[in-house]
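Data from run.pdb: PDB, C-alpha atoms and all ligand atoms
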```
ATOM      1  CA  MET A 198      -5.383  15.435 -20.440  1.00  0.00           C
ATOM      2  CA  GLU A 199      -2.790  13.278 -18.749  1.00  0.00           C
ATOM      3  CA  ALA A 200      -3.005   9.969 -20.495  1.00  0.00           C
ATOM      4  CA  ALA A 201       0.079   8.238 -19.155  1.00  0.00           C
ATOM      5  CA  GLN A 202      -1.027   7.485 -15.610  1.00  0.00           C
ATOM      6  CA  SER A 203      -4.778   7.612 -15.488  1.00  0.00           C
ATOM      7  CA  TYR A 204      -6.784   5.354 -13.250  1.00  0.00           C
ATOM      8  CA  SER A 205     -10.515   5.107 -13.361  1.00  0.00           C
ATOM      9  CA  VAL A 206     -12.371   3.679 -10.428  1.00  0.00           C
ATOM     10  CA  ASP A 207     -16.030   2.835 -10.220  1.00  0.00           C
ATOM     11  CA  ARG A 208     -16.739   3.738  -6.638  1.00  0.00           C
ATOM     12  CA  SER A 209     -20.093   1.976  -6.672  1.00  0.00           C
ATOM     13  CA  THR A 210     -18.361  -1.384  -6.906  1.00  0.00           C
ATOM     14  CA  LEU A 211     -16.122  -0.738  -3.905  1.00  0.00           C
ATOM     15  CA  PRO A 212     -16.856  -1.932  -0.376  1.00  0.00           C
ATOM     16  CA  LYS A 213     -18.042   0.977   1.770  1.00  0.00           C
ATOM     17  CA  GLU A 214     -14.939   0.977   3.981  1.00  0.00           C
ATOM     18  CA  VAL A 215     -12.768   1.254   0.892  1.00  0.00           C
ATOM     19  CA  ALA A 216     -14.909   3.880  -0.888  1.00  0.00           C
ATOM     20  CA  GLU A 217     -14.791   6.039   2.250  1.00  0.00           C
ATOM     21  CA  GLN A 218     -11.020   6.265   1.933  1.00  0.00           C
ATOM     22  CA  VAL A 219     -10.972   7.324  -1.702  1.00  0.00           C
ATOM     23  CA  LYS A 220     -11.724  10.756  -3.064  1.00  0.00           C
ATOM     24  CA  ASP A 221     -10.838  11.697  -6.653  1.00  0.00           C
ATOM     25  CA  CYS A 222      -8.735   8.507  -6.641  1.00  0.00           C
ATOM     26  CA  LYS A 223      -6.589   9.827  -3.766  1.00  0.00           C
ATOM     27  CA  ASN A 224      -6.318   8.763  -0.117  1.00  0.00           C
ATOM     28  CA  VAL A 225      -8.499  11.052   1.978  1.00  0.00           C
ATOM     29  CA  ASN A 226      -6.872  10.080   5.263  1.00  0.00           C
ATOM     30  CA  SER A 227      -3.413   9.277   6.523  1.00  0.00           C
ATOM     31  CA  VAL A 228      -2.268   5.748   5.842  1.00  0.00           C
ATOM     32  CA  VAL A 229      -0.682   4.326   8.988  1.00  0.00           C
ATOM     33  CA  CYS A 230       0.795   1.057  10.224  1.00  0.00           C
ATOM     34  CA  GLU A 231      -1.842  -1.255  11.735  1.00  0.00           C
ATOM     35  CA  ARG A 232       0.374  -2.088  14.664  1.00  0.00           C
ATOM     36  CA  CYS A 233       2.333   1.028  15.645  1.00  0.00           C
ATOM     37  CA  GLN A 234       0.430   3.726  13.737  1.00  0.00           C
ATOM     38  CA  SER A 235       3.575   5.063  12.166  1.00  0.00           C
ATOM     39  CA  VAL A 236       2.557   7.264   9.224  1.00  0.00           C
ATOM     40  CA  VAL A 237       3.243   5.561   5.905  1.00  0.00           C
ATOM     41  CA  LEU A 238       1.493   8.010   3.572  1.00  0.00           C
ATOM     42  CA  LYS A 239       0.137  11.492   4.122  1.00  0.00           C
ATOM     43  CA  PRO A 240      -3.363  12.337   2.891  1.00  0.00           C
ATOM     44  CA  LEU A 241      -3.561  12.699  -0.904  1.00  0.00           C
ATOM     45  CA  ALA A 242      -0.065  11.251  -1.343  1.00  0.00           C
ATOM     46  CA  ALA A 243      -1.201   8.111  -3.130  1.00  0.00           C
ATOM     47  CA  THR A 244      -3.554   7.058  -5.900  1.00  0.00           C
ATOM     48  CA  PHE A 245      -6.118   4.298  -5.518  1.00  0.00           C
ATOM     49  CA  VAL A 246      -5.813   1.427  -7.918  1.00  0.00           C
ATOM     50  CA  GLN A 247      -7.499  -1.940  -8.215  1.00  0.00           C
ATOM     51  CA  LYS A 248      -5.218  -4.717  -9.268  1.00  0.00           C
ATOM     52  CA  LYS A 249      -4.904  -8.305  -8.224  1.00  0.00           C
ATOM     53  CA  ALA A 250      -1.581  -8.929  -6.570  1.00  0.00           C
ATOM     54  CA  PHE A 251      -0.281 -11.549  -4.172  1.00  0.00           C
ATOM     55  CA  LEU A 252       1.113 -10.606  -0.773  1.00  0.00           C
ATOM     56  CA  PRO A 253       2.553 -12.960   1.842  1.00  0.00           C
ATOM     57  CA  HIS A 254       0.806 -12.893   5.228  1.00  0.00           C
ATOM     58  CA  MET A 255       1.829 -10.164   7.684  1.00  0.00           C
ATOM     59  CA  LYS A 256       4.541 -10.968  10.174  1.00  0.00           C
ATOM     60  CA  LYS A 257       7.289  -9.366  12.136  1.00  0.00           C
ATOM     61  CA  LYS A 258      10.447  -9.228  10.089  1.00  0.00           C
ATOM     62  CA  SER A 259      12.282 -11.231  12.725  1.00  0.00           C
ATOM     63  CA  ASP A 260       9.825 -14.112  12.494  1.00  0.00           C
ATOM     64  CA  ASP A 261      10.699 -16.798  10.056  1.00  0.00           C
ATOM     65  CA  GLN A 262       8.607 -15.731   7.143  1.00  0.00           C
ATOM     66  CA  THR A 263       7.437 -18.053   4.436  1.00  0.00           C
ATOM     67  CA  ILE A 264       6.993 -15.837   1.442  1.00  0.00           C
ATOM     68  CA  GLU A 265       4.896 -18.347  -0.498  1.00  0.00           C
ATOM     69  CA  ASP A 266       2.182 -18.315   2.150  1.00  0.00           C
ATOM     70  CA  GLY A 267      -0.176 -15.418   1.469  1.00  0.00           C
ATOM     71  CA  GLU A 268      -3.275 -14.122  -0.249  1.00  0.00           C
ATOM     72  CA  MET A 269      -4.466 -12.259  -3.336  1.00  0.00           C
ATOM     73  CA  LEU A 270      -5.396  -8.670  -2.554  1.00  0.00           C
ATOM     74  CA  GLN A 271      -6.928  -6.184  -4.942  1.00  0.00           C
ATOM     75  CA  ASN A 272      -7.189  -2.703  -3.436  1.00  0.00           C
ATOM     76  CA  TYR A 273      -3.942  -0.759  -3.410  1.00  0.00           C
ATOM     77  CA  TRP A 274      -2.524   2.696  -2.942  1.00  0.00           C
ATOM     78  CA  VAL A 275       0.132   3.398  -5.526  1.00  0.00           C
ATOM     79  CA  VAL A 276       2.889   5.989  -5.476  1.00  0.00           C
ATOM     80  CA  ALA A 277       5.526   6.669  -8.109  1.00  0.00           C
ATOM     81  CA  ASP A 278       8.499   7.157  -5.843  1.00  0.00           C
ATOM     82  CA  MET A 279      10.038   5.930  -2.581  1.00  0.00           C
ATOM     83  CA  PHE A 280      10.132   9.534  -1.436  1.00  0.00           C
ATOM     84  CA  ASP A 281       6.346   9.819  -1.570  1.00  0.00           C
ATOM     85  CA  PHE A 282       6.317   7.735   1.607  1.00  0.00           C
ATOM     86  CA  GLU A 283       6.653   9.255   5.059  1.00  0.00           C
ATOM     87  CA  ASN A 284       8.134   6.017   6.346  1.00  0.00           C
ATOM     88  CA  VAL A 285       8.673   2.701   4.699  1.00  0.00           C
ATOM     89  CA  GLY A 286      11.102  -0.153   4.984  1.00  0.00           C
ATOM     90  CA  PHE A 287      12.005  -3.124   2.846  1.00  0.00           C
ATOM     91  CA  LEU A 288      11.668  -6.752   3.807  1.00  0.00           C
ATOM     92  CA  LYS A 289      13.400  -8.602   1.041  1.00  0.00           C
ATOM     93  CA  THR A 290      13.363  -9.092  -2.661  1.00  0.00           C
ATOM     94  CA  VAL A 291      11.946 -12.277  -4.086  1.00  0.00           C
ATOM     95  CA  GLY A 292      12.525 -12.564  -7.816  1.00  0.00           C
ATOM     96  CA  THR A 293      11.576  -9.126  -9.087  1.00  0.00           C
ATOM     97  CA  ILE A 294       9.265  -8.305  -6.161  1.00  0.00           C
ATOM     98  CA  LYS A 295      10.518  -6.134  -3.331  1.00  0.00           C
ATOM     99  CA  TYR A 296       8.265  -6.238  -0.264  1.00  0.00           C
ATOM    100  CA  LEU A 297       7.495  -3.135   1.790  1.00  0.00           C
ATOM    101  CA  ILE A 298       7.227  -3.123   5.570  1.00  0.00           C
ATOM    102  CA  CYS A 299       6.628  -0.579   8.319  1.00  0.00           C
ATOM    103  CA  ALA A 300       9.873   1.290   8.907  1.00  0.00           C
ATOM    104  CA  ASP A 301       9.266   1.508  12.661  1.00  0.00           C
ATOM    105  CA  CYS A 302       7.967  -1.863  13.859  1.00  0.00           C
ATOM    106  CA  GLU A 303       8.983  -3.847  10.760  1.00  0.00           C
ATOM    107  CA  VAL A 304       5.619  -5.512  10.343  1.00  0.00           C
ATOM    108  CA  GLY A 305       4.783  -6.460   6.804  1.00  0.00           C
ATOM    109  CA  PRO A 306       4.583  -6.858   3.999  1.00  0.00           C
ATOM    110  CA  ILE A 307       2.200  -3.951   3.656  1.00  0.00           C
ATOM    111  CA  GLY A 308       2.902  -3.708  -0.043  1.00  0.00           C
ATOM    112  CA  TYR A 309       5.389  -4.305  -2.795  1.00  0.00           C
ATOM    113  CA  GLN A 310       7.305  -2.938  -5.714  1.00  0.00           C
ATOM    114  CA  ASN A 311       7.965  -4.828  -8.896  1.00  0.00           C
ATOM    115  CA  LEU A 312      11.534  -4.017  -9.865  1.00  0.00           C
ATOM    116  CA  GLU A 313      10.581  -4.312 -13.511  1.00  0.00           C
ATOM    117  CA  ASP A 314       8.505  -1.154 -13.012  1.00  0.00           C
ATOM    118  CA  LYS A 315      10.218   1.033 -10.460  1.00  0.00           C
ATOM    119  CA  THR A 316       7.724   3.864 -10.926  1.00  0.00           C
ATOM    120  CA  ALA A 317       5.004   2.063  -9.005  1.00  0.00           C
ATOM    121  CA  LEU A 318       5.061   1.146  -5.313  1.00  0.00           C
ATOM    122  CA  TYR A 319       1.917  -0.490  -3.996  1.00  0.00           C
ATOM    123  CA  VAL A 320       0.479  -0.505  -0.480  1.00  0.00           C
ATOM    124  CA  SER A 321      -2.488  -2.780   0.199  1.00  0.00           C
ATOM    125  CA  LEU A 322      -5.524  -1.110   1.814  1.00  0.00           C
ATOM    126  CA  ASP A 323      -6.071  -4.374   3.690  1.00  0.00           C
ATOM    127  CA  ARG A 324      -2.667  -4.173   5.348  1.00  0.00           C
ATOM    128  CA  VAL A 325      -2.824  -0.657   6.785  1.00  0.00           C
ATOM    129  CA  LYS A 326      -5.088   1.538   8.876  1.00  0.00           C
ATOM    130  CA  HIS A 327      -6.552   4.832   7.772  1.00  0.00           C
ATOM    131  CA  LEU A 328      -6.561   7.654  10.268  1.00  0.00           C
ATOM    132  CA  TYR A 329      -9.128  10.363   9.905  1.00  0.00           C
ATOM    133  CA  VAL A 330      -7.535  13.753   9.369  1.00  0.00           C
ATOM    134  CA  SER A 331      -9.540  16.855  10.166  1.00  0.00           C
ATOM    135  CA  GLN A 332      -9.057  19.504   7.505  1.00  0.00           C
TER     136      GLN A 332
HETATM  137 ZN    ZN A 401       4.574  -0.224  12.429  1.00  0.00          ZN
END
```
Translate this file's structure into structure tokens.
Ligand SMILES: [Zn+2]
Amino acid sequence: MEAAQSYSVDRSTLPKEVAEQVKDCKNVNSVVCERCQSVVLKPLAATFVQKKAFLPHMKKKSDDQTIEDGEMLQNYWVVADMFDFENVGFLKTVGTIKYLICADCEVGPIGYQNLEDKTALYVSLDRVKHLYVSQ
């Protein structure tokens, strides 16, 4: 048994559109950018986790972004390493939080990394699209 990184999820408590994306705690489909559909995560690359975390509202990087203005989100994909992503960019670091954006169109934040725990990078399910992949 792997005890270090185990997540348990009660699927019955998840909204249907979220539960559809999760199988054995992994992402069934590709995770892509809402705007340009650039692939952020391949199927099964990430682990589903529920945690309450604040993300600023989505904007283009070039827009003047107010980082304090955002919302609490609670459904995330988590990966252990930058290199688990197909594409990802960084917006900026605020305190210990580094915000993730789409590498292609620079929309974000789609997720974050807390620099106090570099082994976890989070992508919000509410900030990305999921593309069905035929197996
Ligand atoms: Zn994009």
inquiry  = Around ligand ZN 401 (chain A), which protein and nucleic acid residues have at least one atom no more than 9 Å from it, if we count all atoms listed in the file? List them as a PyMOL selection string.
reply    = chain A and resi 229-237+298-305
| said: Restricting the calculation to only C-alpha atoms: of A:Leu328, A:Ala243, A:Cys222, A:Val320, which residue gets closest to Gly286 (chain A)? | reply: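 For Gly286 (chain A), the nearest of the candidates is A:Val320.
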In terms of only C-alpha atoms, the residue from A:Asn311, A:Gln247, A:Thr316, A:Gln218 at minimal distance from Met279 (chain A) is A:Thr316
Residue with the minimum atom-to-atom distance to Val276 (chain A), picked from A:Val291, A:Ala216, A:Ala317, A:Met255 with only C-alpha atoms counted, is A:Ala317
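Nearest residue to Glu283 (chain A), choosing from A:Pro306, A:Leu238, A:Leu252, A:Tyr319 and counting all atoms listed in the file: A:Leu238.
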Shortest contact to Phe251 (chain A), candidates A:Val215, A:Leu297, A:Lys239, A:Gly267, atoms counted all atoms listed in the file, goes to A:Gly267
Residue with the minimum atom-to-atom distance to Met269 (chain A), picked from A:Asp207, A:Glu313, A:Asp323, A:Asp221 with all atoms listed in the file counted, is A:Asp323
*Could you please determine the separation between CA of Gly292 (chain A) and CA of Val275 (chain A) in Å, to one decimal place?*
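Computing it gives 20.3 Å between the two atoms.
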Translate the PyMOL selection byres (((chain A and resi 249) around 6) and not hetatm) into a concrete residue list for this structure, as a list in words.
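Going through the file, the PyMOL selection byres (((chain A and resi 249) around 6) and not hetatm) ends up selecting Lys248, Ala250, Leu270 and Gln271 of chain A.
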How would region 267-299 of chain A look with N, CA and C atoms restored, written as a CSV table (one decimal), in the frame of the given file?
```
chain,number,residue,atom,x,y,z
A,267,GLY,N,0.4,-16.7,1.5
A,267,GLY,CA,-0.2,-15.4,1.5
A,267,GLY,C,-1.5,-15.4,0.8
A,268,GLU,N,-1.9,-14.3,0.3
A,268,GLU,CA,-3.3,-14.1,-0.2
A,268,GLU,C,-3.3,-13.1,-1.4
A,269,MET,N,-4.3,-13.2,-2.3
A,269,MET,CA,-4.5,-12.3,-3.3
A,269,MET,C,-5.2,-11.1,-2.8
A,270,LEU,N,-4.7,-9.9,-3.0
A,270,LEU,CA,-5.4,-8.7,-2.6
A,270,LEU,C,-5.6,-7.8,-3.8
A,271,GLN,N,-6.6,-6.9,-3.7
A,271,GLN,CA,-6.9,-6.2,-4.9
A,271,GLN,C,-7.1,-4.7,-4.8
A,272,ASN,N,-7.1,-4.2,-3.6
A,272,ASN,CA,-7.2,-2.7,-3.4
A,272,ASN,C,-5.9,-2.1,-2.9
A,273,TYR,N,-5.3,-1.3,-3.7
A,273,TYR,CA,-3.9,-0.8,-3.4
A,273,TYR,C,-3.9,0.8,-3.5
A,274,TRP,N,-3.0,1.3,-2.7
A,274,TRP,CA,-2.5,2.7,-2.9
A,274,TRP,C,-1.2,2.6,-3.7
A,275,VAL,N,-1.1,3.4,-4.7
A,275,VAL,CA,0.1,3.4,-5.5
A,275,VAL,C,0.8,4.8,-5.5
A,276,VAL,N,2.1,4.8,-5.3
A,276,VAL,CA,2.9,6.0,-5.5
A,276,VAL,C,4.0,5.7,-6.5
A,277,ALA,N,4.6,6.8,-7.0
A,277,ALA,CA,5.5,6.7,-8.1
A,277,ALA,C,7.0,6.6,-7.6
A,278,ASP,N,7.1,7.0,-6.3
A,278,ASP,CA,8.5,7.2,-5.8
A,278,ASP,C,8.6,6.8,-4.4
A,279,MET,N,9.7,6.2,-4.0
A,279,MET,CA,10.0,5.9,-2.6
A,279,MET,C,9.8,7.2,-1.7
A,280,PHE,N,10.1,8.3,-2.2
A,280,PHE,CA,10.1,9.5,-1.4
A,280,PHE,C,8.7,10.1,-1.2
A,281,ASP,N,7.7,9.4,-1.8
A,281,ASP,CA,6.3,9.8,-1.6
A,281,ASP,C,5.9,9.3,-0.2
A,282,PHE,N,6.6,8.3,0.3
A,282,PHE,CA,6.3,7.7,1.6
A,282,PHE,C,6.8,8.6,2.7
A,283,GLU,N,6.1,8.6,3.9
A,283,GLU,CA,6.7,9.3,5.1
A,283,GLU,C,7.7,8.3,5.7
A,284,ASN,N,7.3,7.1,5.8
A,284,ASN,CA,8.1,6.0,6.3
A,284,ASN,C,7.8,4.7,5.6
A,285,VAL,N,8.9,4.0,5.2
A,285,VAL,CA,8.7,2.7,4.7
A,285,VAL,C,10.0,2.0,4.8
A,286,GLY,N,9.9,0.7,5.0
A,286,GLY,CA,11.1,-0.2,5.0
A,286,GLY,C,11.0,-1.3,4.0
A,287,PHE,N,12.0,-2.0,3.8
A,287,PHE,CA,12.0,-3.1,2.8
A,287,PHE,C,12.3,-4.4,3.6
A,288,LEU,N,11.5,-5.4,3.2
A,288,LEU,CA,11.7,-6.8,3.8
A,288,LEU,C,12.8,-7.5,3.1
A,289,LYS,N,12.4,-8.0,1.9
A,289,LYS,CA,13.4,-8.6,1.0
A,289,LYS,C,12.9,-8.7,-0.4
A,290,THR,N,13.7,-9.0,-1.3
A,290,THR,CA,13.4,-9.1,-2.7
A,290,THR,C,13.3,-10.6,-3.0
A,291,VAL,N,12.1,-10.9,-3.6
A,291,VAL,CA,11.9,-12.3,-4.1
A,291,VAL,C,11.7,-12.2,-5.6
A,292,GLY,N,12.6,-12.7,-6.4
A,292,GLY,CA,12.5,-12.6,-7.8
A,292,GLY,C,12.6,-11.1,-8.1
A,293,THR,N,11.6,-10.6,-8.8
A,293,THR,CA,11.6,-9.1,-9.1
A,293,THR,C,10.7,-8.3,-8.1
A,294,ILE,N,10.2,-9.0,-7.1
A,294,ILE,CA,9.3,-8.3,-6.2
A,294,ILE,C,10.0,-7.9,-4.9
A,295,LYS,N,9.9,-6.6,-4.6
A,295,LYS,CA,10.5,-6.1,-3.3
A,295,LYS,C,9.4,-5.8,-2.4
A,296,TYR,N,9.4,-6.4,-1.2
A,296,TYR,CA,8.3,-6.2,-0.3
A,296,TYR,C,8.5,-5.1,0.7
A,297,LEU,N,7.4,-4.3,0.9
A,297,LEU,CA,7.5,-3.1,1.8
A,297,LEU,C,7.0,-3.5,3.2
A,298,ILE,N,7.6,-2.9,4.2
A,298,ILE,CA,7.2,-3.1,5.6
A,298,ILE,C,7.2,-1.8,6.3
A,299,CYS,N,6.6,-1.8,7.5
A,299,CYS,CA,6.6,-0.6,8.3
A,299,CYS,C,8.1,-0.3,8.7
```
